[in-house]
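Chemist: Structure below; questions to follow.
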Protein chains: 2
Amino acid sequence: MALTEICADCAVRDRALCGSLDNGELAALNTIGQRRHVARGQAVAWAGDEAVICGNLLSGVLKLVAATADGREQIVGLLYPADFFGTPFSGQTDFTIVALTDAELCIFPRAAFERMLADYRRMERLLLQRTFESLNEARGRMLVLARKSAGEKVAGFLLDMAARAGEAGCHSSPDGPVTFDLPLTRGQIADVLGMTIETVSRQLTRMKMSGLIGLPGGRAVTISDREALAARAEAA
Amino acid sequence: MALTEICADCAVRDRALCGSLDNGELAALNTIGQRRHVARGQAVAWAGDEAVICGNLLSGVLKLVAATADGREQIVGLLYPADFFGTPFSGQTDFTIVALTDAELCIFPRAAFERMLADYRRMERLLLQRTFESLNEARGRMLVLARKSAGEKVAGFLLDMAARAGEAGCHSSPDGPVTFDLPLTRGQIADVLGMTIETVSRQLTRMKMSGLIGLPGGRAVTISDREALAARAEAA
DNA sequence: CGGACCCTTGAGCACGATCAATGTACGTGG
DNA sequence: CCACGTACATTGATCGTGCTCAAGGGTCCG
C-alpha cells in the first residue's frame, strides 16, 4: 500500500506537518514513512536511547514523561492527533514516550526526516512555529507546577480539557453545562499536575460539592459553572 | 557605525545565531539590527504586549518571567550572552523579559527578522535546533519544579551554575574546590526554583554545615564536595 | 549616620503527601 | 452466573516539608 494512498485517507492530513506538502512531495515522503500501531501502555521511545525515529500522531493520546533516578515521574507533555513527536538534530531522546490509549503513528527514521526538512522549507518553517508553541506551553506549565495550589491546578486542567473536547466535538455551547470524558486516569492527571492521586480526587469531590462540576461516573465530567471554575483556576 | 563593524567586534560573534552568516549576509543584517543597552531591573518586553522585537543577548543576564493574575512569579528561563530571545511567528509575547544585570542587546524588528530567516537557511536551521534545546530544558525543569525537594533543587541549581561558570572561566579543575559568584540574588534563585527566599537560604546554610559548600560572602559559593552535592541533587 | 537592599534565623502553621482502608467497575475463568 | 482478580477511585487519619510571619544582622551608598 503506497503511502500516498495512506496519506489520502490520513485522519490528520490537513492538520499535521505534512499538510504543507503537495502530492508530489507526499510521494517522496512515502518512501521513508510507515504506519505503526501501539497498544495502550506501550512505549514509543525511551529516555536516554538514541533518537532514531520521529513522526506524527494519527490517533490516540501519548504522554511525554520525565523521571528522576529514584522513580518519581512527571508528565511534561501530552500529544494529541496531528501532533509531531521526536527531537530532530538531537543525539538522544530526553523523555520517554508512552501511549495512554491505543494509538496510531506515522513514523520516519530521524536522519531521513532531517533531510526532508532541508528539502521542504514550508515544513521546516511549520515545525519551527510548532516548536515555539510547545516551548511557550511548557513554560506556562512551569508557572502552574511551581506556583499554583492544588485547587487552581485541577480547575485549570478541567478548563483545558473542556476546551480541547469542545474543539473536537464542537457542541458549540459556549456557556451552560458541558459534559465530556477525560482521556486520563486520576493517576495520570496527578502526573500532569505534579500532585498525588489522592489530592486530585479530593479536589474533584470538593468542586462537585461546591456545584462547580458534576461527576456522572467513569471518566465523565460536567462543567456546571464555568465562571466559578475559571475563578478557582486563578484565585490564590 | 555600520553593523558590520559592530559585528566584527561582537562579543558573541561566533556563538550567536548570526555566527552562521558570512560577511555579505552580515551586511544585510546590518540594515535591520541595532544595539541597545538596558539597565539592571529594566524590562525588555512585557507579557501580553505585541511581539515587535527579537534579538541576541550580547552581555549580561536576562530573566523570562511568567506571573499569575495575583502576582505570584516564576522565572521560566534565564538568558545568557549569545542566547536568542523573542518569539518569531507569534502575535504576542507570553512572558516578560527583564534584565537581571546591566545588559547589552542586538535587536531586530520581528517582521524583518522573520524575512531574514527565510533568506538565510542555516540561521533558520540553527534557530530550530536551539528552540528544541530550550524545549528540552524547559521540560526538564518541569520535573525539577514539580517533583524535587528543596534540597535537591538547590543542589542541582548550584551544580548548573558551577558548570556555567566553569565553561566561561574554564579553570579546568574538574574536582577539587571551585569558587564562583552566583549571578542571582537569593530571591531570584527562589523564583527560578519555585520556592521562597527563606527556604533557599536555609538549604544553603545546611549545605555549608554539611561541608558540601562554602559561602565566603557576597554572592560567592565554593563547591567543596562535588560528589556529595551531586548525590544530594538526586537523593529523595 | 541613616536608609535601602539583601541575607539569615526562628517559631508556628497549613497544604498536600503519605499510609491505610474501603468502594466500584470490569474482565476472566471456574 | 457468580467468584475472583485487577485496576481505578474515594475517603479518612496522620505527618512533614516548606510557606508565612517576624525579627535581626550585614553591606553598600548617599
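Residues are named by chain letter and number: chains run A, B, ... in the order of the C-alpha cells, numbers start at 1 in each chain, and ligands are numbered from 1 in the order shown.
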Please tabulate, as a tab-separated table, the residues of chain C that come within 9 Å of chain A, each with its closest pair of atoms and the distance in Å to one decimal, counting only C-alpha atoms (C1' of nucleotides) and ordering rows by chain, then residue number upward.
Modeler:
residue	atom	partner	partner_atom	distance
C:DC15	C1'	A:Ser149	CA	8.6
C:DG16	C1'	A:Thr199	CA	7.1
C:DA17	C1'	A:Thr196	CA	7.4
C:DA25	C1'	A:Gly218	CA	8.4
Chemist: Name all residues at most 12 Å from DA21 (chain C) (count only C-alpha atoms (C1' of nucleotides); drop same-chain ones fewer than 4 positions away) and give them as a list in words.
Modeler: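 Listing them by chain and then by number gives DT10, DT11, DG12 and DA13 of chain D.
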Chemist: How would the residues just picked look written out with all heavy atoms as a short mmCIF file (atom, residue, chain, number, x, y, z; two decimals), in the first residue's frame?
Modeler:
data_model
loop_
_atom_site.label_atom_id
_atom_site.label_comp_id
_atom_site.auth_asym_id
_atom_site.auth_seq_id
_atom_site.Cartn_x
_atom_site.Cartn_y
_atom_site.Cartn_z
P DT D 10 -13.16 9.74 42.13
OP1 DT D 10 -14.39 10.35 41.59
OP2 DT D 10 -11.87 10.41 41.99
"O5'" DT D 10 -13.42 9.44 43.68
"C5'" DT D 10 -14.51 8.60 44.05
"C4'" DT D 10 -14.41 8.24 45.51
"O4'" DT D 10 -13.23 7.44 45.73
"C3'" DT D 10 -14.29 9.43 46.47
"O3'" DT D 10 -15.43 9.39 47.31
"C2'" DT D 10 -12.99 9.17 47.23
"C1'" DT D 10 -12.80 7.68 47.05
N1 DT D 10 -11.42 7.17 47.13
C2 DT D 10 -11.10 6.30 48.14
O2 DT D 10 -11.90 5.93 48.99
N3 DT D 10 -9.78 5.86 48.13
C4 DT D 10 -8.80 6.22 47.22
O4 DT D 10 -7.67 5.76 47.31
C5 DT D 10 -9.21 7.12 46.19
C7 DT D 10 -8.23 7.57 45.16
C6 DT D 10 -10.48 7.56 46.19
P DT D 11 -15.88 10.69 48.12
OP1 DT D 11 -17.34 10.67 48.27
OP2 DT D 11 -15.19 11.85 47.53
"O5'" DT D 11 -15.23 10.42 49.55
"C5'" DT D 11 -15.52 9.21 50.23
"C4'" DT D 11 -14.56 8.99 51.37
"O4'" DT D 11 -13.30 8.51 50.87
"C3'" DT D 11 -14.23 10.24 52.21
"O3'" DT D 11 -14.83 10.09 53.48
"C2'" DT D 11 -12.69 10.25 52.26
"C1'" DT D 11 -12.33 8.84 51.83
N1 DT D 11 -11.01 8.69 51.18
C2 DT D 11 -10.15 7.71 51.64
O2 DT D 11 -10.44 6.96 52.55
N3 DT D 11 -8.96 7.64 50.98
C4 DT D 11 -8.53 8.43 49.93
O4 DT D 11 -7.44 8.26 49.42
C5 DT D 11 -9.47 9.45 49.51
C7 DT D 11 -9.11 10.37 48.39
C6 DT D 11 -10.64 9.53 50.15
P DG D 12 -14.69 11.19 54.60
OP1 DG D 12 -15.94 11.19 55.39
OP2 DG D 12 -14.20 12.45 54.00
"O5'" DG D 12 -13.53 10.58 55.51
"C5'" DG D 12 -13.64 9.26 55.99
"C4'" DG D 12 -12.39 8.87 56.78
"O4'" DG D 12 -11.31 8.58 55.84
"C3'" DG D 12 -11.85 9.96 57.72
"O3'" DG D 12 -11.67 9.41 59.01
"C2'" DG D 12 -10.53 10.37 57.10
"C1'" DG D 12 -10.11 9.11 56.35
N9 DG D 12 -9.22 9.34 55.23
C8 DG D 12 -9.47 10.11 54.11
N7 DG D 12 -8.48 10.12 53.25
C5 DG D 12 -7.51 9.31 53.84
C6 DG D 12 -6.23 8.94 53.38
O6 DG D 12 -5.67 9.26 52.34
N1 DG D 12 -5.59 8.10 54.29
C2 DG D 12 -6.12 7.66 55.49
N2 DG D 12 -5.36 6.87 56.23
N3 DG D 12 -7.32 7.99 55.92
C4 DG D 12 -7.96 8.82 55.05
P DA D 13 -11.26 10.32 60.25
OP1 DA D 13 -11.96 9.80 61.43
OP2 DA D 13 -11.37 11.75 59.86
"O5'" DA D 13 -9.70 9.97 60.38
"C5'" DA D 13 -9.29 8.61 60.50
"C4'" DA D 13 -7.80 8.56 60.81
"O4'" DA D 13 -7.04 8.75 59.59
"C3'" DA D 13 -7.31 9.65 61.77
"O3'" DA D 13 -6.33 9.09 62.64
"C2'" DA D 13 -6.74 10.71 60.86
"C1'" DA D 13 -6.18 9.87 59.70
N9 DA D 13 -6.19 10.55 58.41
C8 DA D 13 -7.16 11.36 57.90
N7 DA D 13 -6.90 11.82 56.70
C5 DA D 13 -5.66 11.26 56.40
C6 DA D 13 -4.84 11.34 55.27
N6 DA D 13 -5.14 12.05 54.18
N1 DA D 13 -3.68 10.67 55.28
C2 DA D 13 -3.37 9.94 56.38
N3 DA D 13 -4.08 9.79 57.51
C4 DA D 13 -5.22 10.47 57.44
#
Chemist: Can you build me a table of chain C residues sitting at most 12 Å from region 15-28 of chain D, with the closest atom pair per residue and its distance in Å to one decimal, using only C-alpha atoms (C1' of nucleotides), sorted by chain and residue number, as a tab-separated table?
Modeler:
residue	atom	partner	partner_atom	distance
C:DG3	C1'	D:DC28	C1'	10.7
C:DA4	C1'	D:DC28	C1'	9.1
C:DC5	C1'	D:DC28	C1'	8.9
C:DC6	C1'	D:DT27	C1'	8.5
C:DC7	C1'	D:DG26	C1'	7.7
C:DT8	C1'	D:DG25	C1'	7.8
C:DT9	C1'	D:DG24	C1'	8.5
C:DG10	C1'	D:DA23	C1'	8.5
C:DA11	C1'	D:DA22	C1'	8.9
C:DG12	C1'	D:DT20	C1'	8.8
C:DC13	C1'	D:DT20	C1'	7.9
C:DA14	C1'	D:DC19	C1'	8.2
C:DC15	C1'	D:DC19	C1'	9.1
C:DG16	C1'	D:DT17	C1'	9.5
C:DA17	C1'	D:DG16	C1'	8.3
C:DT18	C1'	D:DC15	C1'	7.6
C:DC19	C1'	D:DC15	C1'	9.7
Chemist: Can you check which parts of chain A lie within 6 Å of chain B? Per residue, the shortest pair of atoms and distance in Å to one decimal, counting only C-alpha atoms, sorted by chain and number, as JSON lines.
Modeler:
{"residue": "A:Gln74", "atom": "CA", "partner": "B:Leu143", "partner_atom": "CA", "distance": 5.6}
{"residue": "A:Val76", "atom": "CA", "partner": "B:Arg139", "partner_atom": "CA", "distance": 5.6}
{"residue": "A:Leu128", "atom": "CA", "partner": "B:Leu128", "partner_atom": "CA", "distance": 5.5}
{"residue": "A:Leu135", "atom": "CA", "partner": "B:Leu135", "partner_atom": "CA", "distance": 5.0}
{"residue": "A:Arg139", "atom": "CA", "partner": "B:Val76", "partner_atom": "CA", "distance": 5.7}
{"residue": "A:Met142", "atom": "CA", "partner": "B:Met142", "partner_atom": "CA", "distance": 5.6}
{"residue": "A:Leu143", "atom": "CA", "partner": "B:Gln74", "partner_atom": "CA", "distance": 5.6}
{"residue": "A:Leu145", "atom": "CA", "partner": "B:Ala146", "partner_atom": "CA", "distance": 5.6}
{"residue": "A:Ala146", "atom": "CA", "partner": "B:Gly194", "partner_atom": "CA", "distance": 5.0}
{"residue": "A:Gly194", "atom": "CA", "partner": "B:Ala146", "partner_atom": "CA", "distance": 5.0}
Chemist: Identify all chain A residues at most 9 Å from chain D by counting only C-alpha atoms (C1' of nucleotides); ligands do not count. Present them as an NGL selection string.
Modeler: :A and (185-187 or 198 or 201-202 or 205)
Chemist: Just asking: which residues within region 25-214 of chain B are alpha helix (DSSP H) according to DSSP, as a ChimeraX atom specification?
Modeler: /B:25-30,110-119,121-147,150-169,186-193,197-209
Chemist: Report as a PyMOL selection string all protein, DNA and RNA residues lying within 10 Å of region 207-212 of chain A, evaluated on only C-alpha atoms (C1' of nucleotides), omitting residues in the same chain fewer than 2 positions from it.
Modeler: chain A and resi 151+154-155+177+202-205+214-215+221-230+232
Chemist: I'd like to know which of A:Gly41, A:Gly217, A:Pro183, A:Gly166 is closest to DT24 (chain C), using only C-alpha atoms (C1' of nucleotides).
Modeler: A:Gly217
Chemist: Determine, counting only C-alpha atoms (C1' of nucleotides), which protein, DNA and RNA residues have an atom within 12 Å of an atom of Ala103 (chain A); residues of the same chain fewer than 6 positions away are not included. Present the result as a list in words.
Modeler: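 Once the nearby chain positions are removed, what remains is Arg35, Arg36, His37, Val38, Ala39, Arg40, Gly41, Gln42, Ala43, Val44, Asn56, Leu57, Leu58, Ser59, Gly60, Val61, Leu62, Lys63, Leu79, Tyr80, Pro81, Ala82 and Ile97 of chain A.
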Chemist: Can you list, as an mmCIF file with N, CA and C atoms, in the first residue's frame, all residues belonging to chain A that DSSP tags as strand (DSSP E or B)?
Modeler:
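Output contents, as saved in part07.cif:
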data_model
loop_
_atom_site.group_PDB
_atom_site.id
_atom_site.type_symbol
_atom_site.label_atom_id
_atom_site.label_comp_id
_atom_site.auth_asym_id
_atom_site.auth_seq_id
_atom_site.Cartn_x
_atom_site.Cartn_y
_atom_site.Cartn_z
ATOM 1 N N GLN A 34 6.258 5.131 7.534
ATOM 2 C CA GLN A 34 5.398 3.961 7.653
ATOM 3 C C GLN A 34 4.492 4.105 8.866
ATOM 4 N N ARG A 35 3.353 3.420 8.784
ATOM 5 C CA ARG A 35 2.410 3.490 9.888
ATOM 6 C C ARG A 35 2.743 2.446 10.935
ATOM 7 N N ARG A 36 2.379 2.753 12.159
ATOM 8 C CA ARG A 36 2.600 1.787 13.217
ATOM 9 C C ARG A 36 1.522 1.939 14.285
ATOM 10 N N HIS A 37 1.099 0.820 14.776
ATOM 11 C CA HIS A 37 0.097 0.820 15.847
ATOM 12 C C HIS A 37 0.753 0.468 17.166
ATOM 13 N N VAL A 38 0.437 1.220 18.204
ATOM 14 C CA VAL A 38 0.951 0.878 19.530
ATOM 15 C C VAL A 38 -0.215 0.705 20.490
ATOM 16 N N ALA A 43 5.521 1.666 25.126
ATOM 17 C CA ALA A 43 6.404 2.808 24.946
ATOM 18 C C ALA A 43 6.783 2.971 23.481
ATOM 19 N N VAL A 44 6.892 4.212 23.059
ATOM 20 C CA VAL A 44 7.297 4.531 21.688
ATOM 21 C C VAL A 44 8.787 4.857 21.653
ATOM 22 N N ALA A 45 9.288 5.449 22.735
ATOM 23 C CA ALA A 45 10.705 5.794 22.820
ATOM 24 C C ALA A 45 11.103 5.852 24.286
ATOM 25 N N GLU A 50 19.148 6.392 21.904
ATOM 26 C CA GLU A 50 19.452 7.205 20.752
ATOM 27 C C GLU A 50 18.148 7.562 20.040
ATOM 28 N N ILE A 53 13.810 7.691 15.694
ATOM 29 C CA ILE A 53 12.605 7.977 14.922
ATOM 30 C C ILE A 53 11.916 9.252 15.377
ATOM 31 N N CYS A 54 11.087 9.774 14.508
ATOM 32 C CA CYS A 54 10.171 10.834 14.870
ATOM 33 C C CYS A 54 8.942 10.643 13.991
ATOM 34 N N GLY A 55 7.935 11.445 14.192
ATOM 35 C CA GLY A 55 6.746 11.222 13.373
ATOM 36 C C GLY A 55 5.540 12.011 13.844
ATOM 37 N N ASN A 56 4.392 11.647 13.302
ATOM 38 C CA ASN A 56 3.146 12.304 13.658
ATOM 39 C C ASN A 56 2.222 11.313 14.354
ATOM 40 N N LEU A 57 1.429 11.835 15.266
ATOM 41 C CA LEU A 57 0.435 11.004 15.916
ATOM 42 C C LEU A 57 -0.866 11.090 15.110
ATOM 43 N N LEU A 58 -1.401 9.938 14.743
ATOM 44 C CA LEU A 58 -2.621 9.918 13.929
ATOM 45 C C LEU A 58 -3.870 9.814 14.798
ATOM 46 N N SER A 59 -3.810 8.933 15.796
ATOM 47 C CA SER A 59 -4.963 8.791 16.688
ATOM 48 C C SER A 59 -4.472 8.353 18.058
ATOM 49 N N LEU A 62 -0.618 10.281 23.558
ATOM 50 C CA LEU A 62 0.674 9.846 24.089
ATOM 51 C C LEU A 62 1.078 10.766 25.229
ATOM 52 N N LYS A 63 1.893 10.229 26.133
ATOM 53 C CA LYS A 63 2.462 11.093 27.167
ATOM 54 C C LYS A 63 3.971 11.152 27.019
ATOM 55 N N LEU A 64 4.510 12.313 27.398
ATOM 56 C CA LEU A 64 5.950 12.553 27.403
ATOM 57 C C LEU A 64 6.356 12.595 28.865
ATOM 58 N N VAL A 65 7.194 11.658 29.288
ATOM 59 C CA VAL A 65 7.466 11.509 30.715
ATOM 60 C C VAL A 65 8.916 11.796 31.059
ATOM 61 N N ALA A 66 9.118 12.604 32.087
ATOM 62 C CA ALA A 66 10.441 12.797 32.671
ATOM 63 C C ALA A 66 10.451 12.089 34.008
ATOM 64 N N ALA A 67 11.574 11.522 34.387
ATOM 65 C CA ALA A 67 11.636 10.782 35.645
ATOM 66 C C ALA A 67 12.951 11.033 36.351
ATOM 67 N N GLU A 73 7.952 10.481 38.798
ATOM 68 C CA GLU A 73 7.634 10.799 37.404
ATOM 69 C C GLU A 73 6.879 12.113 37.261
ATOM 70 N N GLN A 74 7.067 12.719 36.110
ATOM 71 C CA GLN A 74 6.317 13.923 35.772
ATOM 72 C C GLN A 74 5.990 13.883 34.285
ATOM 73 N N ILE A 75 4.720 14.034 33.964
ATOM 74 C CA ILE A 75 4.343 14.129 32.558
ATOM 75 C C ILE A 75 4.640 15.548 32.087
ATOM 76 N N VAL A 76 5.540 15.689 31.134
ATOM 77 C CA VAL A 76 5.954 17.019 30.689
ATOM 78 C C VAL A 76 5.274 17.433 29.392
ATOM 79 N N GLY A 77 4.428 16.566 28.873
ATOM 80 C CA GLY A 77 3.690 16.933 27.674
ATOM 81 C C GLY A 77 2.714 15.849 27.278
ATOM 82 N N LEU A 78 1.605 16.257 26.699
ATOM 83 C CA LEU A 78 0.637 15.308 26.148
ATOM 84 C C LEU A 78 0.572 15.519 24.643
ATOM 85 N N LEU A 79 0.492 14.434 23.910
ATOM 86 C CA LEU A 79 0.439 14.524 22.452
ATOM 87 C C LEU A 79 -0.914 14.038 21.953
ATOM 88 N N PHE A 84 3.323 16.461 16.355
ATOM 89 C CA PHE A 84 4.603 15.897 15.949
ATOM 90 C C PHE A 84 5.362 15.438 17.188
ATOM 91 N N PHE A 85 6.090 14.349 17.093
ATOM 92 C CA PHE A 85 6.929 13.938 18.215
ATOM 93 C C PHE A 85 8.323 13.571 17.732
ATOM 94 N N GLN A 92 20.195 12.067 21.485
ATOM 95 C CA GLN A 92 19.376 11.125 22.224
ATOM 96 C C GLN A 92 18.115 11.783 22.766
ATOM 97 N N THR A 96 10.740 9.811 27.886
ATOM 98 C CA THR A 96 10.095 8.581 27.461
ATOM 99 C C THR A 96 8.712 8.911 26.903
ATOM 100 N N ILE A 97 8.362 8.278 25.797
ATOM 101 C CA ILE A 97 7.034 8.482 25.205
ATOM 102 C C ILE A 97 6.237 7.197 25.355
ATOM 103 N N VAL A 98 5.066 7.297 25.954
ATOM 104 C CA VAL A 98 4.234 6.120 26.198
ATOM 105 C C VAL A 98 2.816 6.396 25.723
ATOM 106 N N ALA A 99 2.188 5.386 25.168
ATOM 107 C CA ALA A 99 0.808 5.522 24.707
ATOM 108 C C ALA A 99 -0.159 5.418 25.880
ATOM 109 N N ALA A 103 -2.957 3.677 20.023
ATOM 110 C CA ALA A 103 -2.642 4.832 19.195
ATOM 111 C C ALA A 103 -2.065 4.394 17.853
ATOM 112 N N GLU A 104 -2.174 5.289 16.886
ATOM 113 C CA GLU A 104 -1.606 5.009 15.584
ATOM 114 C C GLU A 104 -0.628 6.124 15.226
ATOM 115 N N LEU A 105 0.540 5.717 14.743
ATOM 116 C CA LEU A 105 1.595 6.674 14.454
ATOM 117 C C LEU A 105 1.968 6.606 12.985
ATOM 118 N N CYS A 106 2.538 7.702 12.519
ATOM 119 C CA CYS A 106 3.167 7.710 11.204
ATOM 120 C C CYS A 106 4.620 8.077 11.448
ATOM 121 N N ILE A 107 5.518 7.104 11.372
ATOM 122 C CA ILE A 107 6.883 7.337 11.818
ATOM 123 C C ILE A 107 7.895 7.415 10.669
ATOM 124 N N PHE A 108 8.979 8.149 10.939
ATOM 125 C CA PHE A 108 10.073 8.320 9.983
ATOM 126 C C PHE A 108 11.400 8.085 10.686
ATOM 127 N N PRO A 109 12.356 7.513 10.002
ATOM 128 C CA PRO A 109 13.714 7.495 10.546
ATOM 129 C C PRO A 109 14.177 8.940 10.713
ATOM 130 N N VAL A 178 -21.557 21.495 30.114
ATOM 131 C CA VAL A 178 -20.927 20.696 29.069
ATOM 132 C C VAL A 178 -20.409 19.419 29.724
ATOM 133 N N THR A 179 -20.612 18.296 29.048
ATOM 134 C CA THR A 179 -20.116 17.033 29.583
ATOM 135 C C THR A 179 -19.154 16.390 28.601
ATOM 136 N N PHE A 180 -18.074 15.837 29.111
ATOM 137 C CA PHE A 180 -17.104 15.155 28.261
ATOM 138 C C PHE A 180 -16.335 14.140 29.084
ATOM 139 N N ASP A 181 -15.628 13.280 28.396
ATOM 140 C CA ASP A 181 -14.819 12.262 29.069
ATOM 141 C C ASP A 181 -13.362 12.700 29.153
ATOM 142 N N ILE A 213 -18.886 21.440 39.287
ATOM 143 C CA ILE A 213 -18.850 20.378 38.293
ATOM 144 C C ILE A 213 -19.744 19.219 38.733
ATOM 145 N N GLY A 214 -20.011 18.320 37.798
ATOM 146 C CA GLY A 214 -20.677 17.074 38.113
ATOM 147 C C GLY A 214 -19.779 15.921 37.723
ATOM 148 N N LEU A 215 -19.876 14.825 38.446
ATOM 149 C CA LEU A 215 -19.085 13.634 38.127
ATOM 150 C C LEU A 215 -20.046 12.459 37.908
ATOM 151 N N PRO A 216 -20.573 12.345 36.681
ATOM 152 C CA PRO A 216 -21.604 11.351 36.385
ATOM 153 C C PRO A 216 -21.123 9.914 36.554
ATOM 154 N N GLY A 217 -19.818 9.713 36.585
ATOM 155 C CA GLY A 217 -19.291 8.356 36.697
ATOM 156 C C GLY A 217 -18.322 8.069 35.579
ATOM 157 N N ALA A 220 -16.226 10.645 33.028
ATOM 158 C CA ALA A 220 -17.011 11.791 32.584
ATOM 159 C C ALA A 220 -16.973 12.930 33.597
ATOM 160 N N VAL A 221 -17.023 14.141 33.072
ATOM 161 C CA VAL A 221 -17.083 15.348 33.895
ATOM 162 C C VAL A 221 -18.097 16.293 33.271
ATOM 163 N N THR A 222 -18.868 16.970 34.094
ATOM 164 C CA THR A 222 -19.771 18.005 33.612
ATOM 165 C C THR A 222 -19.333 19.343 34.192
ATOM 166 N N ILE A 223 -19.107 20.290 33.297
ATOM 167 C CA ILE A 223 -18.796 21.640 33.755
ATOM 168 C C ILE A 223 -20.132 22.345 33.979
#
